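Some notes on the structure that comes next.
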Amino acid sequence: MATAESMPVALESAIPIENGKQRGLIAASTFCLLITSFMVALRLIAKKKSKKALNASDACILVALFFNTALHADVFIMVVHGGFGFHVQDIAMRFGPDVLTVFFKCIMVFALLWNATTCFTKLSVLLMYMSIFPVRRVILPCKILAVFIILWNTGGILGGVLVCRPFAMNWDQTIPGGKCGNQPMYYMALGVINILVEVTMLALPLPVLYNLQMPTRKKVVIISMFSVGFATCAITIYRQATLPDLQFADMTHSGAVATLLSGLEPSVALALACVPFLRPLFGGVFSSSQKGSSYANVKPKTESYKKGSKRSGNRDFEELQDDASEIQLRPVMPVRGYLGCIWTVQQHRGA
């Protein structure tokens with residue numbers, strides 16, 4: 001049985017980088033670290049330029065960045081000190097059993113960090129929705145979904161810790177009387193629920209965006225900006241397709257592609273969650289050729305936006321600057337729920 005002292009010993013010497021799986025994992029994790037750090041930095045710079053204070057959404061994205069960085073540092077350790085990319089038998093023969101102990105400890109930690117990164121990234125997006133669309137039809141579903149995400153990812157963390165009993169069985173399968181649950185089902189369930197949550201989150205703001213009174217070209221741009229998250233769904237679906245071929249007895253070799261995709265997915269989601277905040281940095285790119293930096297200078301007549309109507313009618317619009325990073329939809333007057341509201345688009349000035 002591996003002792004607690006075995007892991008530091010294994011970390012003293014690095015595993016040689018000899019195969020494509022190792023190179024792919026290192027390249028993917030390096031890319032993920034760079035792109036997420038770059039996008040979050042741009043988001044903070046945009047906030048500063050627009051003179052807006054950091055809010056709860058920004059705090060969540062910073063926490064997500066911390067866990068995402070730890071996630072990919074964990075991948076580096078698995079490759080360089082855990083033999084990730086080699087077959088289990090090759091690792092045991094060439095580098096010793098202590099290296100396998102490092103790998104299996106790290107792969108368990110990877111699942112926990114994945115849940116934490118995913119949770120805070122999704123919470124950041126939901127908080128952004130609630131800030132941009134402060135209306136009941138958006139806020140209530142966001143709150144419900146946020147509670148579900150917290151419970152789901154907390155369950156994912158507990159599942160990763162408790163799937164093997166005793167706890168050391170996660171990295172030492174020789175413990176007498178120890179047993180592990182259905183680990184493939186654990187990873188499959190996490191992925192399926194993640195896809196459903198992603199699709200639900202992406203669909204939440206689309207009805208409100210579709211009913212905005214603005215030129216079609218600009219509406220398409222805004223809807224497309226909020227829909228880029230479907231890229232993470234594509235990664236998740238592809239990862240799910242690789243799970244049936246996963247052999248836990250040879251996880252160090254067969255799990256390389258699934259782990260690469262599992263690291264790429266939350267990183268892409270984190271980076272894309274920063275995109276809607278970058279308008280202050282690229283205001284000139286989005287500005288209208290006819291109206292300078294404003295969206296429009298028209299004010300149609302106002303009508304009520306009623307539940308069940310197929311069209312939103314006309315709504316008042318203020319002149320909006322293209323360097324505004326957040327736009328809010330607010331009722332003109334207090335109403336009960338969201339029935340019979342008259343909507344206006346206002347530039348978000350608050351934090």
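If you're wondering about the labels, chains in the structure tokens are A, B, ... by order shown, residues count from 1 in each chain, ligands from 1 in order shown.
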
Contacts of Ser227 in chain A at 12 Å (only C-alpha atoms; same-chain gap of 6+ positions) as a count of residues only: 18

Option closest in space to Leu126 in chain A, from A:Asp245, A:Asp58, A:Glu265, A:Asp90 [counting only C-alpha atoms]: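 Closest candidate: A:Asp58.
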
For the contact check between range 22-123 of chain A and range 134-157 of chain A, emit one row per residue of range 22-123 of chain A within 10 Å, containing the shortest atom pair and the distance in Å rounded to one decimal, counting only C-alpha atoms, chain then rising number order, as a Markdown table.
| residue | atom | partner | partner_atom | distance |
| --- | --- | --- | --- | --- |
| A:Met108 | CA | A:Ile157 | CA | 9.7 |
| A:Val109 | CA | A:Ile157 | CA | 9.4 |
| A:Ala111 | CA | A:Ile157 | CA | 7.3 |
| A:Leu112 | CA | A:Ile157 | CA | 5.1 |
| A:Leu113 | CA | A:Ile157 | CA | 8.4 |
| A:Trp114 | CA | A:Ile157 | CA | 8.9 |
| A:Asn115 | CA | A:Asn153 | CA | 5.3 |
| A:Ala116 | CA | A:Asn153 | CA | 7.0 |
| A:Thr117 | CA | A:Asn153 | CA | 9.5 |
| A:Thr118 | CA | A:Asn153 | CA | 7.8 |
| A:Cys119 | CA | A:Asn153 | CA | 6.1 |
| A:Phe120 | CA | A:Ile150 | CA | 8.7 |
| A:Lys122 | CA | A:Ile149 | CA | 7.7 |
| A:Leu123 | CA | A:Ala146 | CA | 6.2 |

Could you save the residues just selected, with N, CA and C atoms, as a short mmCIF file (atom, residue, chain, number, x, y, z; two decimals), in the first residue's frame?
data_model
loop_
_atom_site.label_atom_id
_atom_site.label_comp_id
_atom_site.auth_asym_id
_atom_site.auth_seq_id
_atom_site.Cartn_x
_atom_site.Cartn_y
_atom_site.Cartn_z
N MET A 108 -8.51 12.12 -9.02
CA MET A 108 -9.62 12.35 -8.10
C MET A 108 -9.77 13.85 -7.83
N VAL A 109 -8.65 14.53 -7.60
CA VAL A 109 -8.68 15.97 -7.38
C VAL A 109 -9.21 16.70 -8.62
N ALA A 111 -11.52 15.78 -10.70
CA ALA A 111 -12.99 15.76 -10.71
C ALA A 111 -13.56 16.80 -9.76
N LEU A 112 -12.93 16.98 -8.61
CA LEU A 112 -13.41 17.96 -7.64
C LEU A 112 -13.22 19.38 -8.17
N LEU A 113 -12.07 19.65 -8.77
CA LEU A 113 -11.80 20.98 -9.32
C LEU A 113 -12.69 21.28 -10.52
N TRP A 114 -13.00 20.26 -11.31
CA TRP A 114 -13.91 20.45 -12.44
C TRP A 114 -15.27 20.91 -11.96
N ASN A 115 -15.79 20.27 -10.92
CA ASN A 115 -17.09 20.67 -10.38
C ASN A 115 -17.07 22.09 -9.85
N ALA A 116 -15.99 22.46 -9.16
CA ALA A 116 -15.90 23.81 -8.60
C ALA A 116 -15.81 24.86 -9.71
N THR A 117 -14.99 24.60 -10.72
CA THR A 117 -14.86 25.54 -11.84
C THR A 117 -16.18 25.70 -12.58
N THR A 118 -16.82 24.58 -12.87
CA THR A 118 -18.10 24.60 -13.58
C THR A 118 -19.16 25.36 -12.80
N CYS A 119 -19.22 25.12 -11.50
CA CYS A 119 -20.22 25.76 -10.65
C CYS A 119 -20.08 27.28 -10.68
N PHE A 120 -18.90 27.79 -10.41
CA PHE A 120 -18.73 29.24 -10.32
C PHE A 120 -18.81 29.93 -11.69
N LYS A 122 -20.85 28.96 -14.15
CA LYS A 122 -22.28 29.03 -14.44
C LYS A 122 -22.99 30.05 -13.55
N LEU A 123 -22.60 30.13 -12.30
CA LEU A 123 -23.19 31.14 -11.42
C LEU A 123 -22.87 32.55 -11.91
#

One-decimal distance in Å that lies between CA of Phe226 in chain A and CA of Lys51 in chain A: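 Separation between CA of Lys51 in chain A and CA of Phe226 in chain A: 23.0 Å.
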
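Across the structure, CA of Leu260 in chain A and CA of Leu25 in chain A are spaced 5.8 Å apart.
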
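The neighbours of Ala168 in chain A here are the residues that come within 10 Å of it, using only C-alpha atoms and leaving out any residue fewer than 2 positions away in the same chain; they are Met1, Ala2, Thr3, Lys105, Val161, Cys164, Arg165, Pro166, Asn170, Trp171, Asp172, Gln173, Thr174, Ile175 and Gly178 of chain A.
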
Secondary structure check, strand (DSSP E) residues of range 58-296 of chain A, as a ChimeraX atom specification: /A:164-165,179-180

Would you mind listing what lies within 6 Å of range 70-76 of chain A as a PDB file with N, CA and C atoms, in the first residue's frame, with only C-alpha atoms counted and same-chain residues fewer than 4 positions away left out?
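The new file around.pdb reads:
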ATOM      1  N   SER A  29      -3.762  22.162 -21.901  1.00  0.00           N
ATOM      2  CA  SER A  29      -3.815  22.849 -20.609  1.00  0.00           C
ATOM      3  C   SER A  29      -3.120  24.207 -20.673  1.00  0.00           C
ATOM      4  N   VAL A  80       3.519  15.063 -15.903  1.00  0.00           N
ATOM      5  CA  VAL A  80       4.953  15.147 -15.615  1.00  0.00           C
ATOM      6  C   VAL A  80       5.381  14.232 -14.466  1.00  0.00           C
ATOM      7  N   PHE A 110      -8.874  16.188  -9.801  1.00  0.00           N
ATOM      8  CA  PHE A 110      -9.331  16.788 -11.055  1.00  0.00           C
ATOM      9  C   PHE A 110     -10.856  16.862 -11.094  1.00  0.00           C
ATOM     10  N   LEU A 113     -12.067  19.651  -8.767  1.00  0.00           N
ATOM     11  CA  LEU A 113     -11.798  20.983  -9.318  1.00  0.00           C
ATOM     12  C   LEU A 113     -12.689  21.281 -10.518  1.00  0.00           C
TER      13      LEU A 113
END
